[in-house]
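One file, query12.cif, carrying mmCIF, C-alpha atoms:
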data_input
#
loop_
_atom_site.label_atom_id
_atom_site.label_comp_id
_atom_site.auth_asym_id
_atom_site.auth_seq_id
_atom_site.Cartn_x
_atom_site.Cartn_y
_atom_site.Cartn_z
CA MET A 22 -82.99 70.26 71.66
CA LYS A 23 -83.91 70.74 68.01
CA PRO A 24 -80.83 71.74 65.95
CA THR A 25 -80.79 75.09 64.21
CA LEU A 26 -80.48 75.38 60.45
CA ASN A 27 -76.89 76.57 60.94
CA GLU A 28 -76.03 73.45 62.97
CA VAL A 29 -77.64 71.21 60.38
CA ALA A 30 -75.77 72.95 57.57
CA GLU A 31 -72.45 72.62 59.38
CA SER A 32 -72.91 68.90 60.01
CA ALA A 33 -73.99 68.32 56.42
CA THR A 34 -70.73 69.64 55.01
CA SER A 35 -68.90 66.56 56.29
CA THR A 36 -71.68 63.98 56.01
CA GLN A 37 -72.68 62.04 52.90
CA LEU A 38 -76.14 60.50 52.91
CA ASN A 39 -76.86 57.55 50.64
CA ARG A 40 -80.63 57.13 50.67
CA PRO A 41 -82.19 53.72 49.87
CA GLN A 42 -85.49 53.17 48.09
CA SER A 43 -87.35 53.75 51.36
CA PHE A 44 -86.42 56.30 53.98
CA VAL A 45 -86.28 56.68 57.73
CA ILE A 46 -87.76 60.01 58.79
CA ALA A 47 -88.38 60.66 62.50
CA ASP A 48 -87.67 56.96 63.27
CA LYS A 49 -90.37 55.80 60.87
CA GLN A 50 -89.86 54.08 57.54
CA VAL A 51 -91.38 56.09 54.70
CA GLN A 52 -92.03 54.76 51.25
CA PRO A 53 -91.66 57.35 48.48
CA ILE A 54 -95.05 58.89 47.79
CA ARG A 55 -93.92 60.41 44.52
CA ARG A 56 -90.41 60.13 43.25
CA ILE A 57 -89.32 63.26 41.40
CA VAL A 58 -86.80 62.32 38.74
CA ASP A 59 -86.81 64.53 35.69
CA GLN A 60 -85.92 62.56 32.58
CA SER A 61 -86.37 64.56 29.43
CA ILE A 62 -84.48 66.40 26.75
CA CYS A 63 -81.65 67.90 28.76
CA ARG A 64 -78.12 66.72 29.54
CA PRO A 65 -77.76 64.49 32.63
CA VAL A 66 -76.85 66.22 35.87
CA HIS A 67 -75.28 63.31 37.71
CA TYR A 68 -74.20 64.91 40.97
CA PHE A 69 -77.51 66.16 42.31
CA THR A 70 -80.31 64.62 44.31
CA CYS A 71 -84.03 64.35 43.77
CA LEU A 72 -86.81 65.22 46.19
CA ILE A 73 -89.55 63.01 47.54
CA VAL A 74 -92.73 65.06 47.72
CA ASP A 75 -96.00 64.24 49.47
CA THR A 76 -98.50 65.29 46.81
CA SER A 77 -101.30 65.71 49.37
CA ASN A 78 -99.67 68.77 50.94
CA SER A 79 -96.62 69.49 48.74
CA ARG A 80 -94.23 68.75 51.62
CA ILE A 81 -90.73 67.46 51.02
CA VAL A 82 -90.45 64.29 53.10
CA ALA A 83 -87.06 62.99 51.97
CA VAL A 84 -84.14 63.44 49.64
CA SER A 85 -82.91 60.63 47.43
CA SER A 86 -79.58 60.15 45.72
CA ASP A 87 -80.23 59.77 42.04
CA THR A 88 -79.35 60.93 38.55
CA VAL A 89 -81.67 63.72 37.48
CA CYS A 90 -82.20 65.52 34.22
CA PRO A 91 -84.17 68.75 34.50
CA MET A 92 -86.98 69.16 31.99
CA THR A 93 -85.66 72.51 30.86
CA GLN A 94 -83.16 74.28 28.64
CA ALA A 95 -81.33 75.55 31.71
CA THR A 96 -77.87 74.30 32.68
CA ILE A 97 -76.97 73.26 36.22
CA SER A 98 -73.34 73.34 37.30
CA GLN A 99 -71.06 73.88 40.24
CA ILE A 100 -70.16 77.51 40.93
CA PRO A 101 -67.34 78.51 38.51
CA PRO A 102 -64.25 80.06 40.18
CA ASP A 103 -64.79 83.50 38.66
CA PHE A 104 -68.45 83.47 39.69
CA ALA A 105 -67.50 82.42 43.22
CA ALA A 106 -64.97 85.25 43.37
CA ALA A 107 -67.67 87.73 42.32
CA LEU A 108 -70.02 86.49 45.06
CA GLN A 109 -67.27 86.91 47.64
CA SER A 110 -66.04 90.31 46.47
CA CYS A 111 -69.51 91.88 46.85
CA GLY A 112 -70.24 90.14 50.16
CA ALA A 113 -73.09 88.00 48.86
CA TRP A 114 -71.10 85.06 50.24
CA SER A 115 -68.59 85.36 53.08
CA PRO A 116 -66.93 82.96 55.52
CA ASP A 117 -69.68 83.58 58.09
CA CYS A 118 -72.34 82.38 55.63
CA PRO A 119 -74.20 79.35 57.11
CA ILE A 120 -73.33 77.15 54.11
CA PRO A 121 -70.07 76.76 52.19
CA LEU A 122 -69.72 77.68 48.54
CA THR A 123 -69.44 73.96 47.75
CA ARG A 124 -73.11 73.54 48.69
CA LEU A 125 -74.22 76.12 46.13
CA CYS A 126 -74.64 75.65 42.42
CA LEU A 127 -75.43 77.81 39.42
CA ILE A 128 -78.48 77.46 37.21
CA SER A 129 -77.70 79.33 34.01
CA SER A 130 -79.36 79.83 30.61
CA ILE A 131 -82.78 79.93 32.30
CA PRO A 132 -85.42 80.71 29.68
CA TYR A 133 -88.06 83.30 30.48
CA VAL A 134 -90.44 85.76 28.82
CA ASP A 135 -90.27 89.46 29.70
CA PHE A 136 -93.13 91.96 29.97
CA SER A 137 -92.93 92.71 26.24
CA ASN A 138 -93.35 88.99 25.49
CA VAL A 139 -89.72 88.81 24.34
CA GLU A 140 -88.01 85.51 25.03
CA HIS A 141 -84.66 85.33 26.86
CA ASN A 142 -82.33 82.48 27.77
CA ASP A 143 -79.84 84.33 29.95
CA GLY A 144 -81.41 83.84 33.39
CA GLU A 145 -79.12 82.78 36.25
CA LEU A 146 -79.80 81.73 39.82
CA VAL A 147 -77.53 80.53 42.63
CA VAL A 148 -79.30 77.91 44.77
CA LEU A 149 -78.63 75.12 47.27
CA ASP A 150 -77.34 72.14 45.30
CA VAL A 151 -80.12 69.67 46.17
CA VAL A 152 -82.96 71.92 45.01
CA ALA A 153 -81.39 72.99 41.71
CA PRO A 154 -83.37 70.56 39.49
CA ARG A 155 -86.63 71.60 41.13
CA VAL A 156 -85.88 75.31 40.75
CA ALA A 157 -84.98 74.75 37.10
CA GLN A 158 -88.31 72.98 36.66
CA ILE A 159 -90.23 75.82 38.34
CA PHE A 160 -88.87 78.34 35.85
CA HIS A 161 -89.46 75.95 32.98
CA GLU A 162 -93.13 75.84 33.96
CA LEU A 163 -93.28 79.63 34.29
CA TYR A 164 -91.75 79.90 30.81
CA GLN A 165 -94.33 77.48 29.42
CA ARG A 166 -97.09 79.56 30.99
CA ARG A 167 -95.59 82.72 29.46
CA PHE A 168 -95.51 84.24 32.92
CA PRO A 169 -93.60 87.53 32.50
CA ILE A 170 -90.36 88.05 34.42
CA ALA A 171 -88.38 91.26 34.09
CA LYS A 172 -84.94 89.66 34.56
CA ILE A 173 -83.20 86.83 36.43
CA ARG A 174 -79.69 87.76 37.59
CA SER A 175 -77.39 86.75 40.41
CA ILE A 176 -77.21 89.26 43.26
CA HIS A 177 -73.52 89.97 42.62
CA HIS A 178 -74.58 92.08 39.63
CA TYR A 179 -76.03 94.44 42.24
CA GLN A 180 -73.00 94.45 44.56
CA GLY A 181 -74.86 92.05 46.83
CA ASN A 182 -77.40 94.81 47.59
CA ASP A 183 -80.95 93.49 47.80
CA GLU A 184 -82.53 96.95 47.56
CA LEU A 185 -80.75 97.61 44.25
CA SER A 186 -81.87 94.23 42.97
CA MET A 187 -85.49 94.89 43.97
CA SER A 188 -85.54 98.35 42.41
CA ASP A 189 -84.33 96.82 39.15
CA ASN A 190 -87.21 94.32 39.36
CA ASN A 191 -84.74 91.46 39.46
CA THR A 192 -85.69 87.88 40.28
CA SER A 193 -83.04 86.26 42.47
CA CYS A 194 -82.29 83.56 45.04
CA PHE A 195 -79.05 83.28 47.03
CA CYS A 196 -77.72 86.19 49.08
CA HIS A 197 -76.33 85.93 52.59
CA ARG A 198 -78.41 88.36 54.61
CA PRO A 199 -80.51 88.36 57.80
CA ILE A 200 -84.27 88.33 58.00
CA GLU A 201 -85.59 91.90 58.03
CA GLY A 202 -85.50 93.22 61.60
CA SER A 203 -83.60 90.19 62.90
CA ASP A 204 -80.09 88.78 63.17
CA LYS A 205 -81.26 85.34 62.03
CA ALA A 206 -80.05 84.26 58.59
CA SER A 207 -82.79 84.32 55.98
CA MET A 208 -83.57 81.37 53.71
CA HIS A 209 -81.78 83.35 50.98
CA SER A 210 -78.59 82.66 52.93
CA TYR A 211 -79.11 78.94 52.29
CA GLY A 212 -80.15 79.28 48.65
CA LEU A 213 -83.65 78.16 49.64
CA ALA A 214 -85.69 81.31 48.92
CA ILE A 215 -86.62 82.94 45.62
CA ASP A 216 -87.84 86.50 45.02
CA VAL A 217 -89.91 87.04 41.86
CA ASN A 218 -90.64 90.40 40.19
CA PRO A 219 -90.24 92.61 43.28
CA VAL A 220 -91.80 95.67 41.62
CA GLN A 221 -95.07 93.87 40.85
CA ASN A 222 -94.89 92.03 44.19
CA PRO A 223 -93.75 94.45 46.91
CA PHE A 224 -92.32 93.93 50.38
CA ILE A 225 -94.50 95.78 52.90
CA THR A 226 -93.79 96.66 56.51
CA PHE A 227 -95.59 99.02 58.88
CA GLU A 228 -94.38 101.77 61.14
CA PRO A 229 -94.52 100.68 64.79
CA GLY A 230 -97.84 101.76 66.26
CA ASN A 231 -99.11 103.00 62.90
CA GLU A 232 -100.43 100.12 60.84
CA HIS A 233 -102.14 102.57 58.48
CA ASN A 234 -98.81 103.86 57.19
CA PRO A 235 -97.15 101.08 55.16
CA ILE A 236 -93.52 101.18 54.08
CA ILE A 237 -93.29 99.82 50.53
CA GLN A 238 -90.19 98.33 48.93
CA PRO A 239 -89.31 98.95 46.22
CA LYS A 240 -90.93 102.38 46.09
CA GLU A 241 -91.99 101.79 42.48
CA SER A 242 -94.42 99.11 43.73
CA TRP A 243 -97.14 101.44 45.05
CA GLN A 244 -99.30 100.84 41.97
CA TYR A 245 -99.41 97.09 42.72
CA LEU A 246 -100.78 97.25 46.27
CA ASN A 247 -104.32 96.32 45.19
CA ARG A 248 -103.93 92.55 44.86
CA HIS A 249 -107.53 92.14 43.74
CA ASN A 250 -106.63 94.03 40.58
CA GLN A 251 -104.32 91.41 39.10
CA LYS A 252 -101.73 92.65 36.61
CA PRO A 253 -99.03 90.85 34.58
CA GLY A 254 -96.14 89.68 36.73
CA MET A 255 -98.11 89.41 39.96
CA VAL A 256 -97.41 86.04 41.56
CA GLU A 257 -100.80 85.00 42.95
CA GLY A 258 -101.41 82.76 39.94
CA ILE A 259 -98.12 80.87 40.33
CA VAL A 260 -98.08 80.21 44.08
CA THR A 261 -99.11 76.61 43.42
CA VAL A 262 -96.22 76.12 40.98
CA PHE A 263 -93.73 76.90 43.72
CA ALA A 264 -95.64 74.84 46.31
CA GLU A 265 -95.70 71.78 44.06
CA HIS A 266 -91.90 71.87 44.02
CA GLY A 267 -91.46 72.30 47.77
CA PHE A 268 -91.43 76.11 48.12
CA ILE A 269 -94.56 76.05 50.26
CA ARG A 270 -94.06 79.27 52.23
CA TRP A 271 -95.23 82.36 50.37
CA GLY A 272 -94.57 85.77 51.90
CA GLY A 273 -97.81 87.13 50.46
CA SER A 274 -99.74 85.08 53.05
CA TRP A 275 -97.92 86.66 56.00
CA THR A 276 -99.43 89.33 58.26
CA THR A 277 -96.32 91.41 58.87
CA PRO A 278 -94.15 91.85 57.03
CA ILE A 279 -96.00 91.05 53.83
CA ASP A 280 -93.52 89.83 51.22
CA PHE A 281 -95.42 89.18 48.00
CA HIS A 282 -92.34 88.37 45.90
CA HIS A 283 -90.89 85.81 48.33
CA PHE A 284 -91.10 81.99 48.18
CA GLU A 285 -89.16 79.71 50.49
CA ILE A 286 -88.71 76.21 51.83
CA ALA A 287 -90.17 75.68 55.32
CA ASP A 288 -87.69 75.38 58.21
CA ASP A 289 -88.25 71.69 58.90
CA GLN A 290 -87.94 70.81 55.24
CA ALA A 291 -84.81 72.94 54.96
CA GLN A 292 -83.22 70.81 57.67
CA THR A 293 -83.88 67.69 55.60
CA LEU A 294 -82.30 69.30 52.56
CA LEU A 295 -79.27 70.61 54.45
CA ARG A 296 -78.54 67.13 55.80
CA ALA A 297 -78.27 65.84 52.25
CA THR A 298 -75.14 66.44 50.19
CA SER A 299 -74.54 66.41 46.46
CA LEU A 300 -73.10 63.21 45.05
#
Using C-alpha coordinates, write down the structure that the file contains.
Amino acid sequence: MKPTLNEVAESATSTQLNRPQSFVIADKQVQPIRRIVDQSICRPVHYFTCLIVDTSNSRIVAVSSDTVCPMTQATISQIPPDFAAALQSCGAWSPDCPIPLTRLCLISSIPYVDFSNVEHNDGELVVLDVVAPRVAQIFHELYQRRFPIAKIRSIHHYQGNDELSMSDNNTSCFCHRPIEGSDKASMHSYGLAIDVNPVQNPFITFEPGNEHNPIIQPKESWQYLNRHNQKPGMVEGIVTVFAEHGFIRWGGSWTTPIDFHHFEIADDQAQTLLRATSL
(Lines of atoms letter the chains of each structure in order from A and count residues from 1; the text may use other names and numbers.)
(Lines give C-alpha, C1' and ligand atoms only; values in the text may rest on other atoms or scores of the structure.)
Protein backbone atom coordinates (compact mmCIF):
# COMPACT_ATOMS: atom_id res chain seq x y z
CA MET A 1 0.00 0.00 0.00
CA LYS A 2 1.31 3.44 -0.93
CA PRO A 3 2.23 5.44 2.21
CA THR A 4 0.38 8.65 2.95
CA LEU A 5 2.17 11.98 3.16
CA ASN A 6 1.71 11.86 6.94
CA GLU A 7 3.41 8.46 7.15
CA VAL A 8 6.26 9.64 4.95
CA ALA A 9 6.70 12.78 7.06
CA GLU A 10 6.75 10.77 10.29
CA SER A 11 9.39 8.35 9.01
CA ALA A 12 11.50 11.21 7.68
CA THR A 13 11.86 12.81 11.10
CA SER A 14 14.13 9.98 12.21
CA THR A 15 15.80 9.11 8.91
CA GLN A 16 18.80 10.85 7.37
CA LEU A 17 19.33 10.34 3.65
CA ASN A 18 22.78 10.81 2.18
CA ARG A 19 22.30 10.90 -1.58
CA PRO A 20 25.19 9.95 -3.92
CA GLN A 21 25.85 11.47 -7.33
CA SER A 22 23.26 9.14 -8.87
CA PHE A 23 19.99 8.14 -7.27
CA VAL A 24 17.75 5.13 -6.89
CA ILE A 25 14.14 6.08 -7.52
CA ALA A 26 11.53 3.31 -7.82
CA ASP A 27 14.33 0.68 -7.95
CA LYS A 28 15.95 2.35 -10.94
CA GLN A 29 19.22 4.26 -10.98
CA VAL A 30 18.72 7.84 -12.11
CA GLN A 31 21.48 10.16 -13.19
CA PRO A 32 20.86 13.82 -12.35
CA ILE A 33 19.22 15.50 -15.32
CA ARG A 34 19.92 18.96 -14.01
CA ARG A 35 21.58 19.61 -10.72
CA ILE A 36 20.19 22.70 -9.01
CA VAL A 37 22.91 24.27 -6.89
CA ASP A 38 22.67 28.01 -6.52
CA GLN A 39 26.11 29.57 -6.23
CA SER A 40 26.01 33.32 -6.34
CA ILE A 41 26.30 36.40 -4.19
CA CYS A 42 24.63 35.22 -1.01
CA ARG A 43 25.96 33.64 2.19
CA PRO A 44 26.26 29.82 2.15
CA VAL A 45 23.35 27.87 3.56
CA HIS A 46 25.12 24.67 4.50
CA TYR A 47 22.34 22.63 6.05
CA PHE A 48 19.89 22.42 3.17
CA THR A 49 19.51 20.15 0.18
CA CYS A 50 19.21 20.80 -3.52
CA LEU A 51 16.62 19.42 -5.92
CA ILE A 52 17.14 17.36 -9.04
CA VAL A 53 14.67 18.54 -11.66
CA ASP A 54 13.72 16.90 -14.94
CA THR A 55 13.70 19.93 -17.25
CA SER A 56 11.41 18.21 -19.77
CA ASN A 57 8.42 18.32 -17.41
CA SER A 58 9.64 20.30 -14.38
CA ARG A 59 9.27 17.26 -12.10
CA ILE A 60 11.40 16.80 -9.02
CA VAL A 61 12.99 13.37 -9.39
CA ALA A 62 15.38 13.37 -6.44
CA VAL A 63 16.87 15.33 -3.59
CA SER A 64 20.61 15.65 -3.13
CA SER A 65 22.62 16.58 -0.07
CA ASP A 66 24.71 19.58 -0.95
CA THR A 67 25.77 23.08 0.03
CA VAL A 68 23.52 25.63 -1.63
CA CYS A 69 23.62 29.38 -1.86
CA PRO A 70 20.38 30.98 -3.03
CA MET A 71 20.74 33.57 -5.77
CA THR A 72 18.86 36.15 -3.76
CA GLN A 73 19.10 38.73 -1.01
CA ALA A 74 16.85 36.62 1.19
CA THR A 75 18.12 34.85 4.30
CA ILE A 76 17.33 31.22 5.08
CA SER A 77 17.48 30.03 8.68
CA GLN A 78 16.00 27.61 11.14
CA ILE A 79 12.84 28.82 12.87
CA PRO A 80 13.90 31.16 15.75
CA PRO A 81 12.42 30.27 19.17
CA ASP A 82 10.25 33.39 19.38
CA PHE A 83 8.95 32.82 15.85
CA ALA A 84 8.17 29.19 16.69
CA ALA A 85 6.31 30.30 19.80
CA ALA A 86 4.23 32.71 17.70
CA LEU A 87 3.31 29.93 15.24
CA GLN A 88 2.21 27.72 18.13
CA SER A 89 0.29 30.36 20.05
CA CYS A 90 -1.96 31.14 17.05
CA GLY A 91 -2.41 27.49 16.08
CA ALA A 92 -0.58 27.74 12.77
CA TRP A 93 1.56 24.87 14.08
CA SER A 94 0.37 22.40 16.71
CA PRO A 95 1.43 18.93 17.87
CA ASP A 96 -1.02 17.30 15.44
CA CYS A 97 0.68 19.00 12.48
CA PRO A 98 2.00 16.34 10.04
CA ILE A 99 5.57 17.68 10.25
CA PRO A 100 7.61 18.84 13.26
CA LEU A 101 8.83 22.39 13.66
CA THR A 102 12.36 21.12 13.04
CA ARG A 103 11.43 20.41 9.41
CA LEU A 104 10.39 24.02 8.82
CA CYS A 105 12.63 26.97 8.16
CA LEU A 106 12.24 30.71 7.76
CA ILE A 107 13.02 32.68 4.62
CA SER A 108 13.32 36.31 5.67
CA SER A 109 14.31 39.60 4.03
CA ILE A 110 12.61 38.51 0.81
CA PRO A 111 12.77 41.37 -1.69
CA TYR A 112 9.64 42.26 -3.63
CA VAL A 113 7.95 45.14 -5.44
CA ASP A 114 4.48 46.29 -4.40
CA PHE A 115 1.66 47.60 -6.59
CA SER A 116 3.03 51.14 -6.38
CA ASN A 117 6.40 49.90 -7.68
CA VAL A 118 7.93 50.48 -4.24
CA GLU A 119 10.67 48.03 -3.30
CA HIS A 120 10.59 46.10 -0.01
CA ASN A 121 12.97 43.64 1.64
CA ASP A 122 10.84 42.53 4.57
CA GLY A 123 9.11 39.49 3.08
CA GLU A 124 8.99 36.31 5.18
CA LEU A 125 7.85 32.78 4.43
CA VAL A 126 7.87 29.57 6.47
CA VAL A 127 8.52 26.54 4.24
CA LEU A 128 9.66 22.92 4.36
CA ASP A 129 13.43 22.95 4.84
CA VAL A 130 14.41 21.16 1.61
CA VAL A 131 12.54 23.56 -0.68
CA ALA A 132 13.73 26.78 0.95
CA PRO A 133 16.45 27.59 -1.62
CA ARG A 134 14.04 27.01 -4.49
CA VAL A 135 11.34 29.19 -2.92
CA ALA A 136 13.90 31.93 -2.32
CA GLN A 137 14.87 31.68 -5.99
CA ILE A 138 11.23 31.88 -7.13
CA PHE A 139 10.75 35.18 -5.33
CA HIS A 140 14.09 36.45 -6.58
CA GLU A 141 12.87 35.87 -10.13
CA LEU A 142 9.54 37.56 -9.39
CA TYR A 143 11.47 40.53 -7.99
CA GLN A 144 13.63 40.68 -11.11
CA ARG A 145 10.49 40.66 -13.25
CA ARG A 146 9.01 43.47 -11.13
CA PHE A 147 5.97 41.30 -10.56
CA PRO A 148 3.89 43.19 -7.97
CA ILE A 149 3.17 41.55 -4.61
CA ALA A 150 1.11 43.32 -1.97
CA LYS A 151 2.94 41.79 1.03
CA ILE A 152 4.67 38.59 2.15
CA ARG A 153 4.06 37.78 5.82
CA SER A 154 3.92 34.65 7.94
CA ILE A 155 0.40 33.51 8.81
CA HIS A 156 0.95 34.10 12.54
CA HIS A 157 0.55 37.84 11.87
CA TYR A 158 -3.08 36.95 11.10
CA GLN A 159 -3.65 34.73 14.16
CA GLY A 160 -3.25 31.71 11.89
CA ASN A 161 -6.47 32.71 10.09
CA ASP A 162 -6.27 32.14 6.34
CA GLU A 163 -9.34 34.28 5.59
CA LEU A 164 -7.77 37.29 7.34
CA SER A 165 -4.55 36.72 5.42
CA MET A 166 -6.41 36.52 2.09
CA SER A 167 -8.46 39.64 2.77
CA ASP A 168 -5.23 41.53 3.46
CA ASN A 169 -3.90 40.31 0.09
CA ASN A 170 -1.06 38.53 1.84
CA THR A 171 1.26 36.07 0.13
CA SER A 172 2.03 33.13 2.43
CA CYS A 173 3.07 29.49 2.64
CA PHE A 174 2.97 27.37 5.81
CA CYS A 175 -0.21 27.02 7.85
CA HIS A 176 -1.53 23.77 9.29
CA ARG A 177 -5.04 23.48 7.92
CA PRO A 178 -7.16 20.94 6.00
CA ILE A 179 -8.06 21.08 2.35
CA GLU A 180 -11.31 23.01 1.88
CA GLY A 181 -14.24 20.65 2.43
CA SER A 182 -12.00 17.81 3.63
CA ASP A 183 -10.22 16.55 6.73
CA LYS A 184 -7.04 15.85 4.75
CA ALA A 185 -4.09 18.11 5.54
CA SER A 186 -3.37 20.60 2.78
CA MET A 187 0.07 21.08 1.26
CA HIS A 188 0.26 24.27 3.33
CA SER A 189 0.50 21.98 6.36
CA TYR A 190 3.79 20.65 4.97
CA GLY A 191 5.19 24.02 3.88
CA LEU A 192 4.83 22.90 0.26
CA ALA A 193 2.17 25.31 -1.03
CA ILE A 194 2.34 29.04 -1.69
CA ASP A 195 -0.55 31.50 -2.08
CA VAL A 196 0.21 34.65 -4.10
CA ASN A 197 -1.85 37.87 -4.11
CA PRO A 198 -5.20 36.34 -3.09
CA VAL A 199 -7.20 39.47 -3.97
CA GLN A 200 -6.01 39.48 -7.59
CA ASN A 201 -6.20 35.67 -7.70
CA PRO A 202 -9.37 34.50 -5.93
CA PHE A 203 -10.45 31.16 -4.51
CA ILE A 204 -13.76 30.15 -6.11
CA THR A 205 -16.22 27.47 -5.06
CA PHE A 206 -19.79 26.83 -6.17
CA GLU A 207 -22.98 26.21 -4.27
CA PRO A 208 -24.01 22.55 -4.50
CA GLY A 209 -26.39 22.14 -7.42
CA ASN A 210 -25.94 25.76 -8.51
CA GLU A 211 -22.77 26.14 -10.54
CA HIS A 212 -23.93 29.56 -11.74
CA ASN A 213 -23.60 31.04 -8.25
CA PRO A 214 -19.89 31.19 -7.37
CA ILE A 215 -18.61 31.85 -3.86
CA ILE A 216 -15.60 34.15 -4.10
CA GLN A 217 -12.85 34.48 -1.49
CA PRO A 218 -11.76 37.03 -0.60
CA LYS A 219 -14.87 39.06 -1.40
CA GLU A 220 -12.74 41.92 -2.71
CA SER A 221 -11.71 39.68 -5.64
CA TRP A 222 -14.91 39.99 -7.70
CA GLN A 223 -13.27 42.49 -10.06
CA TYR A 224 -10.59 39.92 -10.99
CA LEU A 225 -12.87 37.10 -12.15
CA ASN A 226 -12.31 37.84 -15.84
CA ARG A 227 -8.94 36.14 -16.35
CA HIS A 228 -8.80 37.20 -19.99
CA ASN A 229 -8.51 40.79 -18.81
CA GLN A 230 -5.08 40.50 -17.22
CA LYS A 231 -4.24 43.04 -14.52
CA PRO A 232 -1.12 43.60 -12.40
CA GLY A 233 -0.64 40.91 -9.77
CA MET A 234 -2.54 38.20 -11.61
CA VAL A 235 -0.43 35.03 -11.64
CA GLU A 236 -1.04 33.60 -15.12
CA GLY A 237 2.24 35.06 -16.35
CA ILE A 238 4.32 33.47 -13.57
CA VAL A 239 2.91 29.93 -13.52
CA THR A 240 6.00 28.72 -15.38
CA VAL A 241 8.31 30.30 -12.78
CA PHE A 242 6.77 28.15 -10.07
CA ALA A 243 6.70 25.05 -12.29
CA GLU A 244 10.39 25.39 -13.14
CA HIS A 245 11.16 25.14 -9.43
CA GLY A 246 8.95 22.13 -8.75
CA PHE A 247 5.63 23.80 -7.84
CA ILE A 248 3.88 22.21 -10.80
CA ARG A 249 0.30 22.15 -9.49
CA TRP A 250 -1.53 25.44 -10.00
CA GLY A 251 -5.00 25.83 -8.51
CA GLY A 252 -6.07 28.04 -11.41
CA SER A 253 -6.15 24.95 -13.64
CA TRP A 254 -8.60 23.09 -11.39
CA THR A 255 -12.31 22.67 -12.15
CA THR A 256 -13.67 22.97 -8.63
CA PRO A 257 -12.60 24.57 -6.49
CA ILE A 258 -10.67 27.05 -8.60
CA ASP A 259 -7.76 28.42 -6.59
CA PHE A 260 -5.95 30.99 -8.71
CA HIS A 261 -3.53 32.10 -6.00
CA HIS A 262 -2.37 28.59 -5.07
CA PHE A 263 0.81 26.76 -6.16
CA GLU A 264 1.91 23.44 -4.70
CA ILE A 265 4.20 20.46 -5.01
CA ALA A 266 2.50 17.34 -6.41
CA ASP A 267 1.77 14.51 -3.95
CA ASP A 268 4.33 12.06 -5.31
CA GLN A 269 7.04 14.70 -5.36
CA ALA A 270 6.10 15.76 -1.84
CA GLN A 271 6.80 12.22 -0.67
CA THR A 272 10.30 12.43 -2.12
CA LEU A 273 10.91 15.72 -0.33
CA LEU A 274 9.50 14.53 2.99
CA ARG A 275 11.82 11.51 2.96
CA ALA A 276 14.80 13.85 2.78
CA THR A 277 16.06 15.64 5.88
CA SER A 278 18.16 18.75 6.29
CA LEU A 279 21.85 18.18 6.90
task = Translate the PyMOL selection byres ((chain A and resi 137) around 12), as applied to the file shown, into an explicit residue set as a list in words.
result = Tyr133, Val134, Asp135, Phe136, Asn138, Val139, Glu140, His141, Arg167, Phe168, Pro169, Ile170, Ala171, Lys172, Pro253 and Gly254 of chain A
message = Residues within 8 Å of region 242-251 of chain A, please, as number ranges by chain. Count only C-alpha atoms; anything in the same chain fewer than 6 positions from it doesn't count.
response = A: 219-223
Prev. selection, C-alpha atoms, output as a short mmCIF file (atom, residue, chain, number, x, y, z; two decimals), in the frame of the given file:
data_model
loop_
_atom_site.label_atom_id
_atom_site.label_comp_id
_atom_site.auth_asym_id
_atom_site.auth_seq_id
_atom_site.Cartn_x
_atom_site.Cartn_y
_atom_site.Cartn_z
CA PRO A 219 -90.24 92.61 43.28
CA VAL A 220 -91.80 95.67 41.62
CA GLN A 221 -95.07 93.87 40.85
CA ASN A 222 -94.89 92.03 44.19
CA PRO A 223 -93.75 94.45 46.91
#
request  = Grab the CA of Ile120 (chain A) to CA of Ser210 (chain A) distance for me, in Å with one decimal place.
outcome  =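 About the pair CA of Ile120 (chain A) and CA of Ser210 (chain A): they are 7.7 Å apart.
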Given only C-alpha atoms as the counted atoms, nearest of A:Lys240, A:His197, A:His178, A:His283 to Val260 (chain A) =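 Ranked by minimum distance to Val260 (chain A), first place goes to A:His283.
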request  = Write out as a list in words each polymer residue whose atoms come within 8 Å of Val147 (chain A), counting only C-alpha atoms; drop sequence neighbours fewer than 6 positions from it.
outcome  =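 In the requested form, the answer reads Leu125, Cys126, Leu127, Ile128, Ser175, Ser193, Cys194, Phe195 and Gly212 of chain A.
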message = Expand the PyMOL selection byres ((chain A and resi 129) around 6) into the explicit residue set it covers here, and present it as a list in words.
response = Ala95, Thr96, Ile128, Ser130, Ile131, Gly144 and Glu145 of chain A
ask   = Of the candidates A:Ser115, A:Asn234, A:Asn191, A:Thr226, which one gets nearest to Trp275 (chain A) if we count all atoms listed in the file?
value = A:Thr226
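With distances taken from (-81.0, 69.2, 47.0) and restricted to all atoms listed in the file, the residues inside 6 Å are Thr70, Asp150, Val151, Val152 and Leu294 of chain A.
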How about saving the chosen residues, C-alpha atoms kept, as an mmCIF file, keeping the file's coordinate frame?
data_model
loop_
_atom_site.group_PDB
_atom_site.id
_atom_site.type_symbol
_atom_site.label_atom_id
_atom_site.label_comp_id
_atom_site.auth_asym_id
_atom_site.auth_seq_id
_atom_site.Cartn_x
_atom_site.Cartn_y
_atom_site.Cartn_z
ATOM 1 C CA THR A 70 -80.310 64.620 44.310
ATOM 2 C CA ASP A 150 -77.340 72.140 45.300
ATOM 3 C CA VAL A 151 -80.120 69.670 46.170
ATOM 4 C CA VAL A 152 -82.960 71.920 45.010
ATOM 5 C CA LEU A 294 -82.300 69.300 52.560
#
query = Any idea what the distance is between CA of Asp143 (chain A) and CA of Pro102 (chain A)?
reply =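 Computing the Euclidean distance for CA of Asp143 (chain A) and CA of Pro102 (chain A) yields 19.1 Å.
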